[in-house]
file protein.cif (mmCIF, C-alpha atoms)
data_my_file
#
loop_
_atom_site.group_PDB
_atom_site.id
_atom_site.type_symbol
_atom_site.label_atom_id
_atom_site.label_comp_id
_atom_site.auth_asym_id
_atom_site.auth_seq_id
_atom_site.Cartn_x
_atom_site.Cartn_y
_atom_site.Cartn_z
ATOM 1 C CA MET S 1 41.590 37.466 -70.734
ATOM 2 C CA SER S 2 38.953 34.733 -70.708
ATOM 3 C CA THR S 3 38.970 34.782 -66.892
ATOM 4 C CA LEU S 4 38.394 38.542 -66.811
ATOM 5 C CA TRP S 5 35.618 38.209 -69.399
ATOM 6 C CA HIS S 6 33.904 35.697 -67.125
ATOM 7 C CA PHE S 7 33.581 38.359 -64.407
ATOM 8 C CA LEU S 8 32.177 41.073 -66.681
ATOM 9 C CA PRO S 9 28.456 41.832 -66.271
ATOM 10 C CA GLY S 10 26.444 39.798 -68.747
ATOM 11 C CA TRP S 11 23.320 37.706 -68.937
ATOM 12 C CA GLY S 12 24.065 36.154 -65.549
ATOM 13 C CA GLN S 13 24.163 39.544 -63.833
ATOM 14 C CA LEU S 14 21.126 40.802 -65.727
ATOM 15 C CA SER S 15 19.212 37.636 -64.890
ATOM 16 C CA MET S 16 20.111 38.065 -61.227
ATOM 17 C CA LEU S 17 18.940 41.668 -61.371
ATOM 18 C CA GLY S 18 15.639 40.668 -62.944
ATOM 19 C CA LEU S 19 15.095 37.891 -60.413
ATOM 20 C CA CYS S 20 15.758 40.223 -57.490
ATOM 21 C CA LEU S 21 13.354 42.785 -58.913
ATOM 22 C CA LEU S 22 10.635 40.140 -59.293
ATOM 23 C CA ILE S 23 11.104 38.826 -55.764
ATOM 24 C CA PHE S 24 11.846 41.880 -53.646
ATOM 25 C CA THR S 25 9.834 44.630 -55.366
ATOM 26 C CA PRO S 26 6.393 43.236 -54.420
ATOM 27 C CA LEU S 27 7.587 41.994 -51.013
ATOM 28 C CA GLU S 28 9.060 45.364 -50.019
ATOM 29 C CA TYR S 29 5.817 47.016 -51.135
ATOM 30 C CA LEU S 30 3.550 44.637 -49.204
ATOM 31 C CA LEU S 31 5.690 44.145 -46.051
ATOM 32 C CA PRO S 32 7.826 47.278 -45.693
ATOM 33 C CA ALA S 33 10.029 47.781 -42.660
ATOM 34 C CA GLN S 34 10.076 51.496 -43.444
ATOM 35 C CA ARG S 35 6.948 52.835 -45.136
ATOM 36 C CA GLY S 36 6.904 55.538 -47.753
ATOM 37 C CA ARG S 37 10.151 54.517 -49.450
ATOM 38 C CA ARG S 38 10.360 55.362 -53.144
ATOM 39 C CA PHE S 39 11.450 52.688 -55.590
ATOM 40 C CA PHE S 40 13.968 55.082 -57.202
ATOM 41 C CA ARG S 41 15.395 56.240 -53.891
ATOM 42 C CA PRO S 42 18.477 58.462 -53.585
ATOM 43 C CA GLY S 43 21.601 56.478 -54.387
ATOM 44 C CA TRP S 44 19.952 53.683 -56.343
ATOM 45 C CA THR S 45 22.014 54.377 -59.491
ATOM 46 C CA THR S 46 25.241 54.173 -57.487
ATOM 47 C CA ASP S 47 24.161 50.883 -55.927
ATOM 48 C CA LEU S 48 23.229 49.558 -59.370
ATOM 49 C CA LEU S 49 26.748 50.341 -60.595
ATOM 50 C CA HIS S 50 28.142 48.455 -57.598
ATOM 51 C CA PHE S 51 25.888 45.543 -58.517
ATOM 52 C CA LEU S 52 27.066 45.492 -62.126
ATOM 53 C CA PHE S 53 30.773 46.239 -61.872
ATOM 54 C CA THR S 54 32.108 45.557 -58.365
ATOM 55 C CA VAL S 55 31.779 41.863 -59.173
ATOM 56 C CA ILE S 56 34.894 42.123 -61.381
ATOM 57 C CA PRO S 57 37.529 43.004 -58.739
ATOM 58 C CA VAL S 58 35.673 40.981 -56.088
ATOM 59 C CA GLY S 59 35.770 37.862 -58.246
ATOM 60 C CA LEU S 60 39.478 38.287 -58.894
ATOM 61 C CA GLY S 61 40.221 39.009 -55.237
ATOM 62 C CA LEU S 62 38.226 36.043 -53.966
ATOM 63 C CA SER S 63 39.997 33.788 -56.453
ATOM 64 C CA ALA S 64 43.299 34.771 -54.813
ATOM 65 C CA VAL S 65 41.877 34.215 -51.322
ATOM 66 C CA ILE S 66 40.548 30.792 -52.290
ATOM 67 C CA GLY S 67 43.860 29.789 -53.812
ATOM 68 C CA GLY S 68 45.713 30.898 -50.689
ATOM 69 C CA SER S 69 43.238 29.058 -48.459
ATOM 70 C CA VAL S 70 43.721 25.811 -50.361
ATOM 71 C CA VAL S 71 47.506 26.134 -50.072
ATOM 72 C CA LEU S 72 47.164 26.904 -46.362
ATOM 73 C CA GLY S 73 44.995 23.839 -45.905
ATOM 74 C CA HIS S 74 47.550 21.577 -47.558
ATOM 75 C CA LEU S 75 50.286 23.027 -45.341
ATOM 76 C CA VAL S 76 48.583 22.814 -41.943
ATOM 77 C CA VAL S 77 45.660 20.360 -42.231
ATOM 78 C CA PRO S 78 46.450 16.635 -42.589
ATOM 79 C CA ALA S 79 45.233 15.125 -45.850
ATOM 80 C CA ALA S 80 43.276 12.483 -43.930
ATOM 81 C CA ALA S 81 41.352 15.220 -42.092
ATOM 82 C CA ARG S 82 40.506 17.046 -45.326
ATOM 83 C CA ASP S 83 39.363 13.796 -46.937
ATOM 84 C CA TRP S 84 37.186 13.012 -43.909
ATOM 85 C CA VAL S 85 35.521 16.441 -44.077
ATOM 86 C CA ALA S 86 34.838 16.117 -47.813
ATOM 87 C CA ALA S 87 33.343 12.647 -47.303
ATOM 88 C CA GLN S 88 30.589 13.894 -44.973
ATOM 89 C CA PRO S 89 27.044 14.353 -46.332
ATOM 90 C CA VAL S 90 26.632 17.629 -48.188
ATOM 91 C CA TRP S 91 23.812 18.767 -45.886
ATOM 92 C CA LEU S 92 26.072 18.279 -42.845
ATOM 93 C CA GLN S 93 28.939 20.125 -44.521
ATOM 94 C CA VAL S 94 26.611 23.023 -45.344
ATOM 95 C CA ALA S 95 25.324 23.189 -41.755
ATOM 96 C CA VAL S 96 28.782 23.026 -40.173
ATOM 97 C CA GLY S 97 30.266 25.286 -42.839
ATOM 98 C CA THR S 98 27.603 27.934 -42.203
ATOM 99 C CA VAL S 99 28.269 27.949 -38.467
ATOM 100 C CA LEU S 100 32.052 27.952 -38.886
ATOM 101 C CA GLY S 101 32.067 30.434 -41.753
ATOM 102 C CA ASP S 102 29.829 32.839 -39.842
ATOM 103 C CA LEU S 103 32.156 32.661 -36.833
ATOM 104 C CA PHE S 104 35.061 33.768 -39.016
ATOM 105 C CA PHE S 105 32.766 36.337 -40.663
ATOM 106 C CA TYR S 106 31.861 37.717 -37.219
ATOM 107 C CA PHE S 107 35.464 38.399 -36.237
ATOM 108 C CA GLY S 108 36.387 39.734 -39.672
ATOM 109 C CA HIS S 109 33.374 42.038 -39.660
ATOM 110 C CA ARG S 110 34.123 43.215 -36.139
ATOM 111 C CA LEU S 111 37.689 44.079 -37.145
ATOM 112 C CA GLN S 112 36.289 46.114 -40.038
ATOM 113 C CA HIS S 113 34.636 48.333 -37.443
ATOM 114 C CA GLU S 114 37.575 48.499 -35.032
ATOM 115 C CA VAL S 115 40.633 48.840 -37.295
ATOM 116 C CA PRO S 116 40.754 52.353 -38.838
ATOM 117 C CA TRP S 117 42.094 51.386 -42.287
ATOM 118 C CA LEU S 118 39.588 48.528 -42.579
ATOM 119 C CA TRP S 119 36.791 50.902 -41.574
ATOM 120 C CA ASP S 120 37.842 53.268 -44.369
ATOM 121 C CA PHE S 121 36.710 50.579 -46.828
ATOM 122 C CA HIS S 122 33.722 49.377 -44.791
ATOM 123 C CA ALA S 123 32.346 52.917 -44.373
ATOM 124 C CA VAL S 124 31.232 52.849 -48.016
ATOM 125 C CA HIS S 125 28.749 50.081 -47.191
ATOM 126 C CA HIS S 126 27.484 51.897 -44.100
ATOM 127 C CA SER S 127 26.980 55.161 -45.987
ATOM 128 C CA SER S 128 23.559 53.966 -47.193
ATOM 129 C CA GLU S 129 20.844 56.040 -45.550
ATOM 130 C CA GLN S 130 18.046 53.831 -46.850
ATOM 131 C CA LEU S 131 18.200 50.053 -46.816
ATOM 132 C CA ASP S 132 16.740 47.677 -49.354
ATOM 133 C CA TRP S 133 17.989 44.633 -51.264
ATOM 134 C CA LEU S 134 19.968 46.763 -53.723
ATOM 135 C CA ALA S 135 21.816 48.518 -50.879
ATOM 136 C CA ALA S 136 23.418 45.163 -50.062
ATOM 137 C CA PHE S 137 25.634 45.644 -53.118
ATOM 138 C CA ARG S 138 27.051 49.003 -52.016
ATOM 139 C CA VAL S 139 30.330 47.466 -50.894
ATOM 140 C CA HIS S 140 33.876 48.505 -51.703
ATOM 141 C CA PRO S 141 35.619 45.670 -53.588
ATOM 142 C CA VAL S 142 38.451 45.411 -51.038
ATOM 143 C CA ASP S 143 35.917 45.328 -48.210
ATOM 144 C CA GLN S 144 33.910 42.608 -49.940
ATOM 145 C CA VAL S 145 36.972 40.455 -50.571
ATOM 146 C CA ILE S 146 37.943 40.719 -46.898
ATOM 147 C CA GLU S 147 34.414 40.085 -45.655
ATOM 148 C CA ARG S 148 33.515 37.144 -47.874
ATOM 149 C CA GLY S 149 37.047 35.818 -48.025
ATOM 150 C CA THR S 150 37.244 35.580 -44.245
ATOM 151 C CA ALA S 151 34.207 33.298 -44.199
ATOM 152 C CA LEU S 152 35.578 31.137 -47.036
ATOM 153 C CA ILE S 153 39.064 30.557 -45.595
ATOM 154 C CA PRO S 154 38.101 27.769 -43.142
ATOM 155 C CA LEU S 155 35.905 26.000 -45.702
ATOM 156 C CA PHE S 156 38.608 25.725 -48.349
ATOM 157 C CA ALA S 157 41.410 25.130 -45.847
ATOM 158 C CA LEU S 158 39.566 22.258 -44.152
ATOM 159 C CA GLY S 159 38.618 20.601 -47.428
ATOM 160 C CA PHE S 160 34.863 21.084 -47.608
ATOM 161 C CA SER S 161 33.531 19.700 -50.879
ATOM 162 C CA MET S 162 32.788 22.113 -53.714
ATOM 163 C CA PRO S 163 29.032 21.289 -53.826
ATOM 164 C CA ALA S 164 28.782 22.109 -50.111
ATOM 165 C CA ILE S 165 30.723 25.365 -50.501
ATOM 166 C CA LEU S 166 28.611 26.428 -53.483
ATOM 167 C CA LEU S 167 25.383 25.691 -51.642
ATOM 168 C CA ALA S 168 26.560 27.477 -48.505
ATOM 169 C CA GLY S 169 27.595 30.433 -50.673
ATOM 170 C CA PHE S 170 24.203 30.459 -52.390
ATOM 171 C CA ILE S 171 22.433 30.591 -49.010
ATOM 172 C CA TYR S 172 24.799 33.317 -47.783
ATOM 173 C CA GLN S 173 24.202 35.487 -50.864
ATOM 174 C CA TRP S 174 20.427 35.352 -50.662
ATOM 175 C CA GLN S 175 20.369 35.842 -46.917
ATOM 176 C CA ALA S 176 22.559 38.920 -47.386
ATOM 177 C CA LEU S 177 19.915 40.342 -49.737
ATOM 178 C CA VAL S 178 17.098 39.526 -47.316
ATOM 179 C CA ILE S 179 18.737 41.085 -44.239
ATOM 180 C CA HIS S 180 19.378 44.342 -46.123
ATOM 181 C CA SER S 181 15.915 44.425 -47.685
ATOM 182 C CA ASN S 182 13.198 46.824 -46.599
ATOM 183 C CA LEU S 183 11.135 43.967 -45.187
ATOM 184 C CA ARG S 184 9.427 43.465 -41.852
ATOM 185 C CA LEU S 185 9.354 39.691 -41.385
ATOM 186 C CA PRO S 186 7.361 38.126 -38.521
ATOM 187 C CA ALA S 187 10.219 35.902 -37.308
ATOM 188 C CA GLY S 188 9.093 35.423 -33.701
ATOM 189 C CA PRO S 189 11.587 33.454 -31.573
ATOM 190 C CA LEU S 190 13.463 32.519 -34.777
ATOM 191 C CA LYS S 191 14.898 36.036 -34.826
ATOM 192 C CA TRP S 192 17.460 34.824 -32.263
ATOM 193 C CA LEU S 193 18.440 31.853 -34.449
ATOM 194 C CA VAL S 194 18.608 33.308 -37.967
ATOM 195 C CA ALA S 195 19.655 36.825 -38.981
ATOM 196 C CA THR S 196 16.673 38.827 -40.248
ATOM 197 C CA PRO S 197 16.213 42.360 -41.617
ATOM 198 C CA ALA S 198 15.370 43.568 -38.094
ATOM 199 C CA PHE S 199 18.652 42.127 -36.806
ATOM 200 C CA HIS S 200 20.860 43.594 -39.521
ATOM 201 C CA HIS S 201 19.045 46.907 -39.864
ATOM 202 C CA TRP S 202 20.104 47.736 -36.310
ATOM 203 C CA HIS S 203 23.696 47.147 -37.379
ATOM 204 C CA HIS S 204 23.205 49.933 -39.947
ATOM 205 C CA ALA S 205 21.257 52.222 -37.606
ATOM 206 C CA SER S 206 22.526 55.715 -36.933
ATOM 207 C CA GLU S 207 21.093 55.518 -33.417
ATOM 208 C CA ALA S 208 23.804 55.039 -30.782
ATOM 209 C CA GLU S 209 22.117 51.890 -29.439
ATOM 210 C CA GLY S 210 22.932 50.007 -32.628
ATOM 211 C CA HIS S 211 26.567 51.030 -32.966
ATOM 212 C CA ASN S 212 28.965 48.072 -33.050
ATOM 213 C CA LYS S 213 26.152 45.564 -32.648
ATOM 214 C CA ASN S 214 24.963 42.560 -34.662
ATOM 215 C CA PHE S 215 28.143 41.674 -36.549
ATOM 216 C CA SER S 216 27.008 38.185 -37.588
ATOM 217 C CA GLY S 217 25.898 37.728 -41.157
ATOM 218 C CA GLN S 218 23.702 34.659 -40.762
ATOM 219 C CA LEU S 219 23.498 33.496 -37.153
ATOM 220 C CA PRO S 220 22.837 35.841 -34.187
ATOM 221 C CA LEU S 221 24.446 33.103 -32.087
ATOM 222 C CA TRP S 222 27.893 34.694 -32.285
ATOM 223 C CA ASP S 223 26.648 38.127 -31.240
ATOM 224 C CA ILE S 224 24.865 36.514 -28.312
ATOM 225 C CA VAL S 225 28.003 34.613 -27.301
ATOM 226 C CA PHE S 226 30.287 37.646 -27.558
ATOM 227 C CA GLY S 227 27.859 40.181 -26.096
ATOM 228 C CA THR S 228 27.173 42.308 -29.180
ATOM 229 C CA ALA S 229 23.558 41.323 -29.879
ATOM 230 C CA TYR S 230 20.901 44.045 -29.959
ATOM 231 C CA LEU S 231 17.415 43.273 -31.199
ATOM 232 C CA PRO S 232 14.567 45.372 -29.772
ATOM 233 C CA ASP S 233 10.980 45.105 -30.976
ATOM 234 C CA THR S 234 11.237 48.321 -32.985
ATOM 235 C CA MET S 235 13.055 49.074 -36.243
ATOM 236 C CA PRO S 236 15.629 51.877 -36.526
ATOM 237 C CA ALA S 237 14.363 55.282 -37.544
ATOM 238 C CA ARG S 238 17.523 56.368 -39.360
ATOM 239 C CA TYR S 239 20.487 54.764 -41.107
ATOM 240 C CA GLY S 240 23.946 55.845 -42.162
ATOM 241 C CA ILE S 241 27.091 57.262 -40.578
ATOM 242 C CA ALA S 242 28.279 60.687 -39.514
ATOM 243 C CA GLU S 243 31.359 60.838 -41.733
ATOM 244 C CA PRO S 244 30.760 62.138 -45.255
ATOM 245 C CA VAL S 245 30.939 59.602 -48.085
ATOM 246 C CA SER S 246 30.318 60.720 -51.661
ATOM 247 C CA GLY S 247 27.286 59.337 -53.462
ATOM 248 C CA ASN S 248 29.324 58.985 -56.659
ATOM 249 C CA TYR S 249 30.363 55.435 -57.560
ATOM 250 C CA LEU S 250 33.935 56.275 -58.542
ATOM 251 C CA MET S 251 34.411 58.512 -55.508
ATOM 252 C CA GLN S 252 33.225 55.680 -53.272
ATOM 253 C CA LEU S 253 35.921 53.459 -54.777
ATOM 254 C CA LEU S 254 38.496 56.169 -53.987
ATOM 255 C CA HIS S 255 37.082 57.034 -50.545
ATOM 256 C CA PRO S 256 39.268 54.728 -48.395
ATOM 257 C CA PHE S 257 42.456 55.702 -50.199
ATOM 258 C CA VAL S 258 41.678 59.408 -49.758
ATOM 259 C CA LYS S 259 41.016 58.806 -46.048
ATOM 260 C CA MET S 260 44.271 56.895 -45.590
ATOM 261 C CA ALA S 261 46.248 59.570 -47.445
ATOM 262 C CA ARG S 262 44.788 62.287 -45.213
ATOM 263 C CA ARG S 263 45.573 60.247 -42.095
ATOM 264 C CA LEU S 264 49.150 59.759 -43.273
ATOM 265 C CA ARG S 265 49.562 63.491 -43.919
ATOM 266 C CA ARG S 266 48.261 64.306 -40.422
ATOM 267 C CA ARG S 267 50.710 61.874 -38.859
ATOM 268 C CA ARG S 268 53.611 63.321 -40.809
ATOM 269 C CA ALA S 269 52.571 66.849 -39.859
ATOM 270 C CA ALA S 270 52.321 65.881 -36.188
ATOM 271 C CA ALA S 271 55.708 64.165 -36.251
ATOM 272 C CA ALA S 272 57.488 66.976 -38.109
ATOM 273 C CA PRO S 273 58.040 69.332 -35.099
ATOM 274 C CA ALA S 274 59.356 66.479 -32.991
ATOM 275 C CA ALA S 275 61.765 65.475 -35.733
ATOM 276 C CA LYS S 276 63.433 68.872 -35.804
ATOM 277 C CA VAL S 277 66.500 69.062 -33.580
ATOM 278 C CA THR S 278 67.567 72.470 -32.390
ATOM 279 C CA ARG S 279 71.255 72.987 -32.833
ATOM 280 C CA PRO S 280 73.117 74.207 -29.736
ATOM 281 C CA SER S 281 74.399 77.751 -29.958
ATOM 282 C CA ALA S 282 78.140 78.171 -30.532
#
call {"tool": "encode", "arguments": {"input": "protein.cif", "output": "structure tokens"}}
result
Amino acid sequence: MSTLWHFLPGWGQLSMLGLCLLIFTPLEYLLPAQRGRRFFRPGWTTDLLHFLFTVIPVGLGLSAVIGGSVVLGHLVVPAAARDWVAAQPVWLQVAVGTVLGDLFFYFGHRLQHEVPWLWDFHAVHHSSEQLDWLAAFRVHPVDQVIERGTALIPLFALGFSMPAILLAGFIYQWQALVIHSNLRLPAGPLKWLVATPAFHHWHHASEAEGHNKNFSGQLPLWDIVFGTAYLPDTMPARYGIAEPVSGNYLMQLLHPFVKMARRLRRRRAAAAPAAKVTRPSA
């Protein structure tokens, strides 16, 4: 019970909310990527509920992933190798861990777009039709565990030190808020080195040019290497997906399961005629 209580929204969550409001509210007003956005935009209450409560199942799910990753590391990675990794300077571990974690994130994220049942969960995140820092939290818990867990697996399996993992996670979390924010940042050539709002906004664009592009969470490097990078000089005009996703928080949690149930019914209906065997006449 004490573990569950730790994940419940409290002063930590409220402090995080207040800090984000203090940082992003003036920045999104002064440097907007999309002008004319209202502070209380459609869907902000749903995203706030995701912010406050999705942390509970995500925290529990990531705990399981971390535990499994540590066990995996002890099974397949020699102890001497794990000790060597943990002995490296924290700054080097953070740098290498970011590159390695984002590589795993890239492939995990790409699978979320290509595997139908994974997309059922990921579609909740892409249902946002307006992007800002709060929209970063519109993520189905299962989707978030898969997405973040994929990036954490190599770090825990290879024996990265806890300070390095915590620092890398801190950078990841704040960069995730920045790339979803309604900010136009003058990145210049750095836009090809570090993921920016312009980079990630095209991943959420409803325009066909942005579909299945920019899967990396932190480093455009992997999209460049695997041919999925798209970063024009303009920002997208529209966001969201064609399939309907409810704006209700609870319905968004149920969305993937409803989709999978419907898909299963269609498959059973399609297989039913073929399963019937006509008896030969006497």
call {"tool": "residues_around", "arguments": {"input": "protein.cif", "residues": "S:Pro163", "least_positions_apart": "5", "cutoff": "10 Å", "atoms": "all atoms listed in the file", "output": "count of residues only"}}
result
7
call {"tool": "resolve_selection", "arguments": {"input": "protein.cif", "expression": "the PyMOL selection byres ((chain S and resi 148) around 10)", "output": "ChimeraX atom specification"}}
result
/S:58,62,65,101-102,104-105,108-109,143-147,149-153,169,172-173
call {"tool": "residues_around", "arguments": {"input": "protein.cif", "residues": "stretch 39-43 of chain S", "least_positions_apart": "6", "cutoff": "10 Å", "atoms": "only C-alpha atoms", "output": "PDB file with C-alpha atoms, in the coordinates of the input"}}
result
ATOM      1  CA  THR S  25       9.834  44.630 -55.366  1.00  0.00           C
ATOM      2  CA  GLU S  28       9.060  45.364 -50.019  1.00  0.00           C
ATOM      3  CA  TYR S  29       5.817  47.016 -51.135  1.00  0.00           C
ATOM      4  CA  SER S 128      23.559  53.966 -47.193  1.00  0.00           C
ATOM      5  CA  GLU S 129      20.844  56.040 -45.550  1.00  0.00           C
ATOM      6  CA  GLN S 130      18.046  53.831 -46.850  1.00  0.00           C
ATOM      7  CA  LEU S 131      18.200  50.053 -46.816  1.00  0.00           C
ATOM      8  CA  ASP S 132      16.740  47.677 -49.354  1.00  0.00           C
ATOM      9  CA  LEU S 134      19.968  46.763 -53.723  1.00  0.00           C
ATOM     10  CA  ALA S 135      21.816  48.518 -50.879  1.00  0.00           C
ATOM     11  CA  ARG S 138      27.051  49.003 -52.016  1.00  0.00           C
ATOM     12  CA  GLY S 247      27.286  59.337 -53.462  1.00  0.00           C
ATOM     13  CA  ASN S 248      29.324  58.985 -56.659  1.00  0.00           C
ATOM     14  CA  TYR S 249      30.363  55.435 -57.560  1.00  0.00           C
TER      15      TYR S 249
END
call {"tool": "closest_residue", "arguments": {"input": "protein.cif", "among": "S:Leu264, S:Trp192, S:Thr98, S:Leu118", "to": "S:Leu166", "atoms": "only C-alpha atoms"}}
result
S:Thr98
call {"tool": "atom_distance", "arguments": {"input": "protein.cif", "atom1": "atom CA of S:Phe160", "atom2": "atom CA of S:Trp84"}}
result
9.2 Å
call {"tool": "residues_around", "arguments": {"input": "protein.cif", "residues": "S:Phe156", "least_positions_apart": "4", "cutoff": "9 Å", "atoms": "all atoms listed in the file", "output": "list in words"}}
result
Ile66, Gly67, Ser69, Val70, Leu72, Gly73, Leu152, Phe160, Ser161, Met162 and Ile165 of chain S
call {"tool": "closest_residue", "arguments": {"input": "protein.cif", "among": "S:Ala81, S:Leu183, S:Val76, S:Val142", "to": "S:Leu30", "atoms": "only C-alpha atoms"}}
result
S:Leu183
call {"tool": "axis_aligned_box", "arguments": {"input": "protein.cif", "around": "stretch 219-222 of chain S", "padding_each_side": "3 Å", "output": "JSON"}}
result
{"center_x": 25.4, "center_y": 34.5, "center_z": -34.6, "size_x": 11.1, "size_y": 8.7, "size_z": 11.1}
call {"tool": "atom_distance", "arguments": {"input": "protein.cif", "atom1": "atom CA of S:Met251", "atom2": "atom CA of S:Pro141"}}
result
13.0 Å
call {"tool": "atom_distance", "arguments": {"input": "protein.cif", "atom1": "atom CA of S:Ile171", "atom2": "atom CA of S:Trp133"}}
result
14.9 Å
call {"tool": "residues_around", "arguments": {"input": "protein.cif", "residues": "S:Trp174", "least_positions_apart": "6", "cutoff": "12 Å", "atoms": "only C-alpha atoms", "output": "JSON, numbers by chain"}}
result
{"S": [16, 19, 20, 23, 24, 133, 134, 136, 137, 167, 168, 180, 181, 195, 196, 217, 218]}
call {"tool": "closest_residue", "arguments": {"input": "protein.cif", "among": "S:Leu21, S:Ala123, S:Leu49, S:Leu60", "to": "S:Ala242", "atoms": "only C-alpha atoms"}}
result
S:Ala123
call {"tool": "residues_around", "arguments": {"input": "protein.cif", "residues": "S:Ile241", "least_positions_apart": "3", "cutoff": "8 Å", "atoms": "only C-alpha atoms", "output": "PyMOL selection string"}}
result
chain S and resi 123+126-127+206+244
call {"tool": "write_last_selection", "arguments": {"input": "protein.cif", "atoms": "C-alpha atoms", "output": "PDB file, keeping the file's coordinate frame"}}
result
ATOM      1  CA  ALA S 123      32.346  52.917 -44.373  1.00  0.00           C
ATOM      2  CA  HIS S 126      27.484  51.897 -44.100  1.00  0.00           C
ATOM      3  CA  SER S 127      26.980  55.161 -45.987  1.00  0.00           C
ATOM      4  CA  SER S 206      22.526  55.715 -36.933  1.00  0.00           C
ATOM      5  CA  PRO S 244      30.760  62.138 -45.255  1.00  0.00           C
TER       6      PRO S 244
END
call {"tool": "closest_residue", "arguments": {"input": "protein.cif", "among": "S:Gly12, S:Pro186, S:Gly210, S:Pro116", "to": "S:Val55", "atoms": "all atoms listed in the file"}}
result
S:Gly12
call {"tool": "closest_residue", "arguments": {"input": "protein.cif", "among": "S:Gly159, S:Thr54, S:Gly188, S:His201", "to": "S:Ala176", "atoms": "all atoms listed in the file"}}
result
S:His201
call {"tool": "closest_residue", "arguments": {"input": "protein.cif", "among": "S:Gly68, S:Gln13, S:Leu22, S:Thr228", "to": "S:Leu52", "atoms": "all atoms listed in the file"}}
result
S:Gln13
call {"tool": "resolve_selection", "arguments": {"input": "protein.cif", "expression": "the PyMOL selection byres ((chain S and resi 230) around 9)", "output": "list in words"}}
result
Phe199, Trp202, His203, Glu209, Gly210, Lys213, Asn214, Asp223, Ile224, Gly227, Thr228, Ala229, Leu231 and Pro232 of chain S
call {"tool": "decode", "arguments": {"input": "protein.cif", "residues": "stretch 89-100 of chain S", "atoms": "N, CA, C and O atoms", "output": "PDB file, in the first residue's frame"}}
result
ATOM      1  N   PRO S  89      32.493   7.939 -15.777  1.00  0.00           N
ATOM      2  CA  PRO S  89      31.981   9.226 -15.275  1.00  0.00           C
ATOM      3  C   PRO S  89      30.489   9.383 -15.576  1.00  0.00           C
ATOM      4  O   PRO S  89      30.011   8.936 -16.631  1.00  0.00           O
ATOM      5  N   VAL S  90      29.777   9.997 -14.668  1.00  0.00           N
ATOM      6  CA  VAL S  90      28.331  10.138 -14.837  1.00  0.00           C
ATOM      7  C   VAL S  90      27.994  10.871 -16.132  1.00  0.00           C
ATOM      8  O   VAL S  90      27.064  10.489 -16.854  1.00  0.00           O
ATOM      9  N   TRP S  91      28.763  11.923 -16.448  1.00  0.00           N
ATOM     10  CA  TRP S  91      28.459  12.688 -17.670  1.00  0.00           C
ATOM     11  C   TRP S  91      28.578  11.805 -18.911  1.00  0.00           C
ATOM     12  O   TRP S  91      27.796  11.942 -19.870  1.00  0.00           O
ATOM     13  N   LEU S  92      29.562  10.894 -18.916  1.00  0.00           N
ATOM     14  CA  LEU S  92      29.739   9.997 -20.060  1.00  0.00           C
ATOM     15  C   LEU S  92      28.604   8.981 -20.118  1.00  0.00           C
ATOM     16  O   LEU S  92      28.083   8.673 -21.206  1.00  0.00           O
ATOM     17  N   GLN S  93      28.203   8.472 -18.954  1.00  0.00           N
ATOM     18  CA  GLN S  93      27.076   7.539 -18.920  1.00  0.00           C
ATOM     19  C   GLN S  93      25.797   8.204 -19.427  1.00  0.00           C
ATOM     20  O   GLN S  93      25.018   7.591 -20.161  1.00  0.00           O
ATOM     21  N   VAL S  94      25.581   9.457 -19.039  1.00  0.00           N
ATOM     22  CA  VAL S  94      24.384  10.171 -19.485  1.00  0.00           C
ATOM     23  C   VAL S  94      24.408  10.356 -20.999  1.00  0.00           C
ATOM     24  O   VAL S  94      23.401  10.144 -21.689  1.00  0.00           O
ATOM     25  N   ALA S  95      25.570  10.739 -21.537  1.00  0.00           N
ATOM     26  CA  ALA S  95      25.690  10.954 -22.983  1.00  0.00           C
ATOM     27  C   ALA S  95      25.453   9.657 -23.753  1.00  0.00           C
ATOM     28  O   ALA S  95      24.643   9.611 -24.695  1.00  0.00           O
ATOM     29  N   VAL S  96      26.147   8.590 -23.345  1.00  0.00           N
ATOM     30  CA  VAL S  96      25.994   7.308 -24.030  1.00  0.00           C
ATOM     31  C   VAL S  96      24.593   6.743 -23.805  1.00  0.00           C
ATOM     32  O   VAL S  96      23.963   6.209 -24.727  1.00  0.00           O
ATOM     33  N   GLY S  97      24.089   6.887 -22.578  1.00  0.00           N
ATOM     34  CA  GLY S  97      22.758   6.384 -22.272  1.00  0.00           C
ATOM     35  C   GLY S  97      21.675   7.087 -23.074  1.00  0.00           C
ATOM     36  O   GLY S  97      20.698   6.459 -23.489  1.00  0.00           O
ATOM     37  N   THR S  98      21.838   8.381 -23.318  1.00  0.00           N
ATOM     38  CA  THR S  98      20.866   9.126 -24.122  1.00  0.00           C
ATOM     39  C   THR S  98      20.853   8.626 -25.548  1.00  0.00           C
ATOM     40  O   THR S  98      19.789   8.404 -26.141  1.00  0.00           O
ATOM     41  N   VAL S  99      22.031   8.430 -26.124  1.00  0.00           N
ATOM     42  CA  VAL S  99      22.127   7.949 -27.502  1.00  0.00           C
ATOM     43  C   VAL S  99      21.559   6.534 -27.613  1.00  0.00           C
ATOM     44  O   VAL S  99      20.762   6.231 -28.511  1.00  0.00           O
ATOM     45  N   LEU S 100      21.969   5.660 -26.700  1.00  0.00           N
ATOM     46  CA  LEU S 100      21.512   4.272 -26.735  1.00  0.00           C
ATOM     47  C   LEU S 100      20.028   4.165 -26.415  1.00  0.00           C
ATOM     48  O   LEU S 100      19.284   3.442 -27.092  1.00  0.00           O
TER      49      LEU S 100
END
